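Just coords-v8.cif here, mmCIF, C-alpha atoms, pLDDT in the B column; chains and numbers go by the auth columns:
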data_coords
loop_
_atom_site.group_PDB
_atom_site.id
_atom_site.type_symbol
_atom_site.label_atom_id
_atom_site.label_comp_id
_atom_site.label_asym_id
_atom_site.label_seq_id
_atom_site.Cartn_x
_atom_site.Cartn_y
_atom_site.Cartn_z
_atom_site.B_iso_or_equiv
_atom_site.auth_seq_id
_atom_site.auth_asym_id
ATOM 1 C CA MET A 1 -62.321 2.502 -6.023 58.00 1 R
ATOM 2 C CA ASN A 2 -59.830 2.170 -3.183 61.00 2 R
ATOM 3 C CA ILE A 3 -58.683 -1.111 -1.742 60.00 3 R
ATOM 4 C CA THR A 4 -56.616 -0.888 1.387 59.00 4 R
ATOM 5 C CA ILE A 5 -53.829 -3.359 1.868 54.00 5 R
ATOM 6 C CA ARG A 6 -53.300 -4.015 5.562 56.00 6 R
ATOM 7 C CA LYS A 7 -49.890 -4.325 7.164 59.00 7 R
ATOM 8 C CA LYS A 8 -50.348 -8.054 7.308 65.00 8 R
ATOM 9 C CA ALA A 9 -49.815 -9.442 3.802 67.00 9 R
ATOM 10 C CA ASN A 10 -53.099 -10.212 2.085 68.00 10 R
ATOM 11 C CA PRO A 11 -52.484 -11.745 -1.335 69.00 11 R
ATOM 12 C CA LEU A 12 -56.158 -11.499 -2.322 67.00 12 R
ATOM 13 C CA ALA A 13 -56.312 -7.745 -1.629 66.00 13 R
ATOM 14 C CA LYS A 14 -53.056 -7.260 -3.528 68.00 14 R
ATOM 15 C CA THR A 15 -54.434 -9.198 -6.515 67.00 15 R
ATOM 16 C CA PHE A 16 -57.632 -7.097 -6.567 64.00 16 R
ATOM 17 C CA LYS A 17 -55.674 -3.858 -6.330 67.00 17 R
ATOM 18 C CA GLU A 18 -53.397 -4.872 -9.210 67.00 18 R
ATOM 19 C CA ALA A 19 -56.396 -5.925 -11.283 65.00 19 R
ATOM 20 C CA LEU A 20 -58.142 -2.584 -10.703 68.00 20 R
ATOM 21 C CA ASP A 21 -55.018 -0.698 -11.761 74.00 21 R
ATOM 22 C CA SER A 22 -55.041 -2.380 -15.180 81.00 22 R
ATOM 23 C CA ALA A 23 -56.186 -0.729 -18.409 84.00 23 R
ATOM 24 C CA GLU A 24 -58.828 -3.425 -18.824 84.00 24 R
ATOM 25 C CA ALA A 25 -60.349 -2.582 -15.440 83.00 25 R
ATOM 26 C CA GLU A 26 -60.303 1.130 -16.280 84.00 26 R
ATOM 27 C CA VAL A 27 -62.137 0.385 -19.539 86.00 27 R
ATOM 28 C CA GLU A 28 -64.816 -1.634 -17.744 85.00 28 R
ATOM 29 C CA LEU A 29 -65.275 0.989 -15.007 85.00 29 R
ATOM 30 C CA SER A 30 -65.527 3.733 -17.641 86.00 30 R
ATOM 31 C CA LYS A 31 -68.161 1.739 -19.541 89.00 31 R
ATOM 32 C CA LEU A 32 -70.180 1.226 -16.375 89.00 32 R
ATOM 33 C CA ALA A 33 -69.964 4.920 -15.500 88.00 33 R
ATOM 34 C CA ILE A 34 -71.034 6.167 -18.938 90.00 34 R
ATOM 35 C CA VAL A 35 -73.882 3.655 -19.184 92.00 35 R
ATOM 36 C CA GLU A 36 -75.091 4.657 -15.715 92.00 36 R
ATOM 37 C CA GLU A 37 -74.991 8.318 -16.716 91.00 37 R
ATOM 38 C CA LEU A 38 -76.927 7.571 -19.904 92.00 38 R
ATOM 39 C CA LEU A 39 -79.526 5.623 -17.902 93.00 39 R
ATOM 40 C CA GLN A 40 -79.925 8.633 -15.593 92.00 40 R
ATOM 41 C CA PHE A 41 -80.564 10.916 -18.586 89.00 41 R
ATOM 42 C CA MET A 42 -83.078 8.417 -19.967 93.00 42 R
ATOM 43 C CA LYS A 43 -84.891 8.289 -16.622 93.00 43 R
ATOM 44 C CA GLN A 44 -84.846 12.083 -16.300 91.00 44 R
ATOM 45 C CA GLU A 45 -86.325 12.504 -19.783 92.00 45 R
ATOM 46 C CA GLY A 46 -88.774 9.593 -19.474 94.00 46 R
ATOM 47 C CA ILE A 47 -87.150 7.652 -22.307 94.00 47 R
ATOM 48 C CA ASN A 48 -87.359 3.858 -22.281 95.00 48 R
ATOM 49 C CA ARG A 49 -85.129 1.500 -24.276 94.00 49 R
ATOM 50 C CA THR A 50 -87.627 1.160 -27.105 94.00 50 R
ATOM 51 C CA GLU A 51 -87.929 4.930 -27.453 95.00 51 R
ATOM 52 C CA LEU A 52 -84.137 5.346 -27.363 95.00 52 R
ATOM 53 C CA ALA A 53 -83.789 2.753 -30.138 95.00 53 R
ATOM 54 C CA LYS A 54 -86.389 4.604 -32.199 96.00 54 R
ATOM 55 C CA ARG A 55 -84.665 7.966 -31.686 95.00 55 R
ATOM 56 C CA MET A 56 -81.271 6.505 -32.586 95.00 56 R
ATOM 57 C CA GLY A 57 -82.624 4.593 -35.584 94.00 57 R
ATOM 58 C CA VAL A 58 -81.394 1.214 -34.351 93.00 58 R
ATOM 59 C CA GLY A 59 -83.011 -1.988 -33.198 93.00 59 R
ATOM 60 C CA PRO A 60 -83.906 -2.575 -29.543 92.00 60 R
ATOM 61 C CA SER A 61 -81.311 -5.355 -29.321 91.00 61 R
ATOM 62 C CA ARG A 62 -78.578 -2.785 -30.065 91.00 62 R
ATOM 63 C CA ILE A 63 -79.764 -0.669 -27.121 92.00 63 R
ATOM 64 C CA THR A 64 -79.826 -3.708 -24.844 91.00 64 R
ATOM 65 C CA ALA A 65 -76.240 -4.566 -25.848 90.00 65 R
ATOM 66 C CA MET A 66 -75.122 -0.948 -25.408 91.00 66 R
ATOM 67 C CA LEU A 67 -76.687 -0.568 -21.977 91.00 67 R
ATOM 68 C CA SER A 68 -75.336 -3.901 -20.765 87.00 68 R
ATOM 69 C CA GLY A 69 -71.805 -2.644 -21.398 75.00 69 R
ATOM 70 C CA ASP A 70 -70.969 -5.795 -23.371 73.00 70 R
ATOM 71 C CA GLY A 71 -70.324 -4.051 -26.670 71.00 71 R
ATOM 72 C CA ASN A 72 -67.607 -1.685 -27.755 78.00 72 R
ATOM 73 C CA LEU A 73 -69.025 1.749 -26.946 87.00 73 R
ATOM 74 C CA THR A 74 -67.724 3.998 -29.698 90.00 74 R
ATOM 75 C CA ILE A 75 -67.689 7.782 -29.563 92.00 75 R
ATOM 76 C CA ASP A 76 -70.172 7.701 -32.452 93.00 76 R
ATOM 77 C CA THR A 77 -72.624 5.542 -30.496 91.00 77 R
ATOM 78 C CA LEU A 78 -72.258 7.602 -27.324 92.00 78 R
ATOM 79 C CA VAL A 79 -72.795 10.907 -29.153 94.00 79 R
ATOM 80 C CA ARG A 80 -75.909 9.546 -30.875 94.00 80 R
ATOM 81 C CA ALA A 81 -77.286 8.101 -27.634 94.00 81 R
ATOM 82 C CA GLY A 82 -76.647 11.364 -25.803 93.00 82 R
ATOM 83 C CA ARG A 83 -78.330 13.427 -28.501 93.00 83 R
ATOM 84 C CA ALA A 84 -81.302 11.057 -28.420 94.00 84 R
ATOM 85 C CA CYS A 85 -81.638 11.907 -24.714 92.00 85 R
ATOM 86 C CA GLY A 86 -81.122 15.647 -25.173 90.00 86 R
ATOM 87 C CA ALA A 87 -77.550 15.548 -23.851 89.00 87 R
ATOM 88 C CA ARG A 88 -74.068 16.128 -25.238 88.00 88 R
ATOM 89 C CA LEU A 89 -71.002 13.973 -24.702 89.00 89 R
ATOM 90 C CA HIS A 90 -67.971 15.683 -23.168 85.00 90 R
ATOM 91 C CA GLN A 91 -64.789 13.687 -22.696 84.00 91 R
ATOM 92 C CA HIS A 92 -61.565 14.724 -21.008 81.00 92 R
ATOM 93 C CA PHE A 93 -58.181 13.307 -20.191 83.00 93 R
ATOM 94 C CA VAL A 94 -56.797 13.969 -16.718 82.00 94 R
ATOM 95 C CA LEU A 95 -53.147 13.570 -15.826 85.00 95 R
ATOM 96 C CA GLU A 96 -52.314 10.423 -13.879 82.00 96 R
ATOM 97 C CA GLY A 97 -52.538 11.089 -10.154 82.00 97 R
ATOM 98 C CA HIS A 98 -54.859 14.086 -10.628 81.00 98 R
ATOM 99 C CA ALA A 99 -58.583 14.347 -10.146 79.00 99 R
ATOM 100 C CA ALA A 100 -61.069 16.434 -12.078 78.00 100 R
ATOM 101 C CA HIS A 101 -64.445 17.816 -11.174 74.00 101 R
ATOM 102 C CA PHE A 102 -66.790 19.097 -13.837 70.00 102 R
ATOM 103 C CA ALA A 103 -69.787 21.277 -13.222 71.00 103 R
ATOM 104 C CA THR A 104 -72.557 21.949 -15.670 71.00 104 R
ATOM 105 C CA CYS A 105 -74.396 25.171 -16.228 71.00 105 R
ATOM 106 C CA HIS A 106 -76.747 26.631 -18.763 72.00 106 R
ATOM 107 C CA ALA A 107 -75.142 28.741 -21.511 72.00 107 R
ATOM 108 C CA ASP A 108 -76.850 31.929 -20.290 76.00 108 R
ATOM 109 C CA GLU A 109 -75.330 31.415 -16.824 75.00 109 R
ATOM 110 C CA ILE A 110 -71.812 32.046 -18.149 71.00 110 R
ATOM 111 C CA HIS A 111 -70.565 35.567 -17.475 70.00 111 R
ATOM 112 C CA ASP A 112 -69.436 37.518 -20.529 71.00 112 R
ATOM 113 C CA ALA A 113 -65.908 37.647 -19.092 69.00 113 R
ATOM 114 C CA PHE A 114 -65.649 33.889 -19.653 67.00 114 R
ATOM 115 C CA ALA A 115 -67.232 33.809 -23.092 63.00 115 R
ATOM 116 C CA ILE A 116 -65.038 32.677 -25.939 60.00 116 R
ATOM 117 C CA THR A 117 -64.912 35.250 -28.673 61.00 117 R
ATOM 118 C CA ALA A 118 -63.121 35.502 -31.958 59.00 118 R
ATOM 119 C CA ARG A 119 -61.983 38.719 -33.535 64.00 119 R
ATOM 120 C CA ARG A 120 -60.248 39.546 -36.762 65.00 120 R
ATOM 121 C CA ILE A 121 -56.619 40.569 -36.508 64.00 121 R
ATOM 122 C CA GLU A 122 -55.012 42.702 -39.173 67.00 122 R
ATOM 123 C CA LEU A 123 -51.604 41.368 -40.031 64.00 123 R
ATOM 124 C CA ASN A 124 -48.880 43.689 -41.180 65.00 124 R
ATOM 125 C CA PRO A 125 -47.441 42.267 -44.364 63.00 125 R
ATOM 126 C CA VAL A 126 -43.715 41.653 -44.229 63.00 126 R
ATOM 127 C CA LYS A 127 -41.806 42.441 -47.392 63.00 127 R
ATOM 128 C CA PHE A 128 -38.805 40.378 -48.286 61.00 128 R
ATOM 129 C CA SER A 129 -36.311 41.206 -50.954 64.00 129 R
ATOM 130 C CA MET A 130 -33.413 39.277 -52.362 66.00 130 R
ATOM 131 C CA GLY A 131 -30.056 40.882 -51.853 66.00 131 R
ATOM 132 C CA PRO A 132 -26.929 40.129 -53.793 68.00 132 R
ATOM 133 C CA LYS A 133 -25.604 36.585 -53.789 65.00 133 R
ATOM 134 C CA ALA A 134 -23.085 35.894 -51.019 63.00 134 R
ATOM 135 C CA LYS A 135 -19.533 35.796 -52.402 67.00 135 R
ATOM 136 C CA GLU A 136 -18.552 32.588 -50.586 68.00 136 R
ATOM 137 C CA ASP A 137 -21.795 30.756 -51.562 59.00 137 R
ATOM 138 C CA SER A 138 -21.634 29.387 -55.072 59.00 138 R
ATOM 139 C CA ALA A 139 -24.660 27.027 -54.743 59.00 139 R
ATOM 140 C CA ASP A 140 -28.158 28.095 -55.706 60.00 140 R
ATOM 141 C CA ALA A 141 -30.805 27.991 -52.992 56.00 141 R
ATOM 142 C CA ALA A 142 -33.124 25.017 -53.026 52.00 142 R
#

Go ahead and render the structure in this file as structure tokens.
Amino acid sequence: MNITIRKKANPLAKTFKEALDSAEAEVELSKLAIVEELLQFMKQEGINRTELAKRMGVGPSRITAMLSGDGNLTIDTLVRAGRACGARLHQHFVLEGHAAHFATCHADEIHDAFAITARRIELNPVKFSMGPKAKEDSADAA
């Protein structure tokens, strides 16, 4: 959210801008965004609050609290809610002052050149041997 401060001093605009730059404001905006995204998945899948509660194995009041953004939305809760809607949670940190854009695609839409693969690597064993004790070193090695 951008708030423009005009050339003429506007203490109210300055106060709002400072408030939106706080960690508390970022937390609240993040909660609103994730809840909105979850609501969109629920709508897309035809899942109401009662059905979500049933799928998550919690009471309807817990869903109401979660979707109101009042509670502490833990990673555990978000993962379970996402799975109940057929979605997966992906979280990312972005450097301050940078923006990120994420696109989604189906797994079979990823070209093989971008697939992550693992392969076994044969390691050449390195042999160490102890030579004679240095003449100027009278202490034993630890």

- Message: Ranking R:Val27, R:Ala33, R:Leu52, R:Glu96 by minimum distance to Ala81 in chain R and counting all atoms listed in the file, which one comes first?
- Response: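 Result for the nearest residue to Ala81 in chain R: R:Leu52.
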
- Determine, counting only C-alpha atoms, which protein, DNA and RNA residues have an atom within 10 Å of an atom of Gly86 in chain R; residues of the same chain fewer than 5 positions away are not included. Present the result as a VMD selection string. chain R and resid 41 to 42 45 80 to 81

- For the atom pair CA of Asn48 in chain R and CA of Leu89 in chain R, what is the interatomic distance in Å to one decimal place?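 Computing it gives 19.4 Å between the two atoms.
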
- Task: Would you kindly return, as a ChimeraX atom specification, each protein, DNA or RNA residue with an atom no farther than 10 Å from any atom of Ser68 in chain R, considering only C-alpha atoms and excluding same-chain residues fewer than 3 positions away?
- Result: /R:31-32,35-36,62-65,71

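The space between CA of Cys85 in chain R and CA of Ala103 in chain R spans 19.0 Å.
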
- Between R:Ala25, R:Ala84, R:Pro60, R:His106, which has the minimum distance to Gly46 in chain R (counting all atoms listed in the file)?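 Nearest candidate to Gly46 in chain R out of R:Ala25, R:Ala84, R:Pro60, R:His106: R:Ala84.
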
Is it possible to add N, CA and C atoms to range 57-92 of chain R and hand it back as an mmCIF file, in the coordinates of the input?
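Done, and the output landed in selection_38.cif:
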data_model
loop_
_atom_site.group_PDB
_atom_site.id
_atom_site.type_symbol
_atom_site.label_atom_id
_atom_site.label_comp_id
_atom_site.auth_asym_id
_atom_site.auth_seq_id
_atom_site.Cartn_x
_atom_site.Cartn_y
_atom_site.Cartn_z
ATOM 1 N N GLY R 57 -82.493 5.285 -34.304
ATOM 2 C CA GLY R 57 -82.624 4.593 -35.584
ATOM 3 C C GLY R 57 -81.957 3.231 -35.600
ATOM 4 N N VAL R 58 -81.981 2.557 -34.447
ATOM 5 C CA VAL R 58 -81.394 1.214 -34.351
ATOM 6 C C VAL R 58 -82.424 0.276 -33.747
ATOM 7 N N GLY R 59 -82.116 -1.004 -33.774
ATOM 8 C CA GLY R 59 -83.011 -1.988 -33.198
ATOM 9 C C GLY R 59 -82.894 -2.041 -31.682
ATOM 10 N N PRO R 60 -83.935 -2.485 -31.001
ATOM 11 C CA PRO R 60 -83.906 -2.575 -29.543
ATOM 12 C C PRO R 60 -82.775 -3.457 -29.014
ATOM 13 N N SER R 61 -82.394 -4.474 -29.784
ATOM 14 C CA SER R 61 -81.311 -5.355 -29.321
ATOM 15 C C SER R 61 -79.992 -4.590 -29.233
ATOM 16 N N ARG R 62 -79.801 -3.608 -30.110
ATOM 17 C CA ARG R 62 -78.578 -2.785 -30.065
ATOM 18 C C ARG R 62 -78.549 -1.951 -28.779
ATOM 19 N N ILE R 63 -79.680 -1.458 -28.359
ATOM 20 C CA ILE R 63 -79.764 -0.669 -27.121
ATOM 21 C C ILE R 63 -79.490 -1.565 -25.924
ATOM 22 N N THR R 64 -80.064 -2.765 -25.934
ATOM 23 C CA THR R 64 -79.826 -3.708 -24.844
ATOM 24 C C THR R 64 -78.335 -4.017 -24.728
ATOM 25 N N ALA R 65 -77.680 -4.280 -25.863
ATOM 26 C CA ALA R 65 -76.240 -4.566 -25.848
ATOM 27 C C ALA R 65 -75.450 -3.362 -25.352
ATOM 28 N N MET R 66 -75.830 -2.157 -25.808
ATOM 29 C CA MET R 66 -75.122 -0.948 -25.408
ATOM 30 C C MET R 66 -75.252 -0.708 -23.905
ATOM 31 N N LEU R 67 -76.454 -0.857 -23.388
ATOM 32 C CA LEU R 67 -76.687 -0.568 -21.977
ATOM 33 C C LEU R 67 -76.186 -1.669 -21.048
ATOM 34 N N SER R 68 -75.896 -2.836 -21.595
ATOM 35 C CA SER R 68 -75.336 -3.901 -20.765
ATOM 36 C C SER R 68 -73.828 -3.723 -20.621
ATOM 37 N N GLY R 69 -73.245 -2.881 -21.464
ATOM 38 C CA GLY R 69 -71.805 -2.644 -21.398
ATOM 39 C C GLY R 69 -70.996 -3.735 -22.062
ATOM 40 N N ASP R 70 -71.673 -4.688 -22.723
ATOM 41 C CA ASP R 70 -70.969 -5.795 -23.371
ATOM 42 C C ASP R 70 -70.261 -5.350 -24.651
ATOM 43 N N GLY R 71 -70.871 -4.449 -25.380
ATOM 44 C CA GLY R 71 -70.324 -4.051 -26.670
ATOM 45 C C GLY R 71 -69.225 -3.016 -26.550
ATOM 46 N N ASN R 72 -68.625 -2.712 -27.686
ATOM 47 C CA ASN R 72 -67.607 -1.685 -27.755
ATOM 48 C C ASN R 72 -68.317 -0.347 -27.925
ATOM 49 N N LEU R 73 -68.332 0.465 -26.891
ATOM 50 C CA LEU R 73 -69.025 1.749 -26.946
ATOM 51 C C LEU R 73 -68.148 2.759 -27.684
ATOM 52 N N THR R 74 -68.501 3.042 -28.919
ATOM 53 C CA THR R 74 -67.724 3.998 -29.698
ATOM 54 C C THR R 74 -68.178 5.419 -29.390
ATOM 55 N N ILE R 75 -67.328 6.373 -29.729
ATOM 56 C CA ILE R 75 -67.689 7.782 -29.563
ATOM 57 C C ILE R 75 -68.949 8.070 -30.383
ATOM 58 N N ASP R 76 -69.016 7.518 -31.577
ATOM 59 C CA ASP R 76 -70.172 7.701 -32.452
ATOM 60 C C ASP R 76 -71.461 7.266 -31.756
ATOM 61 N N THR R 77 -71.439 6.074 -31.181
ATOM 62 C CA THR R 77 -72.624 5.542 -30.496
ATOM 63 C C THR R 77 -72.982 6.404 -29.296
ATOM 64 N N LEU R 78 -71.987 6.797 -28.523
ATOM 65 C CA LEU R 78 -72.258 7.602 -27.324
ATOM 66 C C LEU R 78 -72.814 8.977 -27.677
ATOM 67 N N VAL R 79 -72.279 9.595 -28.725
ATOM 68 C CA VAL R 79 -72.795 10.907 -29.153
ATOM 69 C C VAL R 79 -74.250 10.769 -29.596
ATOM 70 N N ARG R 80 -74.531 9.749 -30.384
ATOM 71 C CA ARG R 80 -75.909 9.546 -30.875
ATOM 72 C C ARG R 80 -76.874 9.229 -29.727
ATOM 73 N N ALA R 81 -76.440 8.427 -28.784
ATOM 74 C CA ALA R 81 -77.286 8.101 -27.634
ATOM 75 C C ALA R 81 -77.535 9.346 -26.788
ATOM 76 N N GLY R 82 -76.492 10.129 -26.572
ATOM 77 C CA GLY R 82 -76.647 11.364 -25.803
ATOM 78 C C GLY R 82 -77.612 12.323 -26.470
ATOM 79 N N ARG R 83 -77.437 12.517 -27.769
ATOM 80 C CA ARG R 83 -78.330 13.427 -28.501
ATOM 81 C C ARG R 83 -79.772 12.938 -28.451
ATOM 82 N N ALA R 84 -79.953 11.625 -28.488
ATOM 83 C CA ALA R 84 -81.302 11.057 -28.420
ATOM 84 C C ALA R 84 -81.955 11.342 -27.066
ATOM 85 N N CYS R 85 -81.126 11.599 -26.055
ATOM 86 C CA CYS R 85 -81.638 11.907 -24.714
ATOM 87 C C CYS R 85 -81.594 13.404 -24.412
ATOM 88 N N GLY R 86 -81.212 14.200 -25.385
ATOM 89 C CA GLY R 86 -81.122 15.647 -25.173
ATOM 90 C C GLY R 86 -79.863 16.056 -24.433
ATOM 91 N N ALA R 87 -78.803 15.261 -24.549
ATOM 92 C CA ALA R 87 -77.550 15.548 -23.851
ATOM 93 C C ALA R 87 -76.398 15.578 -24.850
ATOM 94 N N ARG R 88 -75.275 16.088 -24.424
ATOM 95 C CA ARG R 88 -74.068 16.128 -25.238
ATOM 96 C C ARG R 88 -72.948 15.405 -24.508
ATOM 97 N N LEU R 89 -72.136 14.690 -25.264
ATOM 98 C CA LEU R 89 -71.002 13.973 -24.702
ATOM 99 C C LEU R 89 -69.826 14.927 -24.575
ATOM 100 N N HIS R 90 -69.204 14.929 -23.399
ATOM 101 C CA HIS R 90 -67.971 15.683 -23.168
ATOM 102 C C HIS R 90 -66.975 14.714 -22.586
ATOM 103 N N GLN R 91 -65.809 14.590 -23.208
ATOM 104 C CA GLN R 91 -64.789 13.687 -22.696
ATOM 105 C C GLN R 91 -63.518 14.474 -22.421
ATOM 106 N N HIS R 92 -62.773 14.016 -21.440
ATOM 107 C CA HIS R 92 -61.565 14.724 -21.008
ATOM 108 C C HIS R 92 -60.525 13.714 -20.557
#
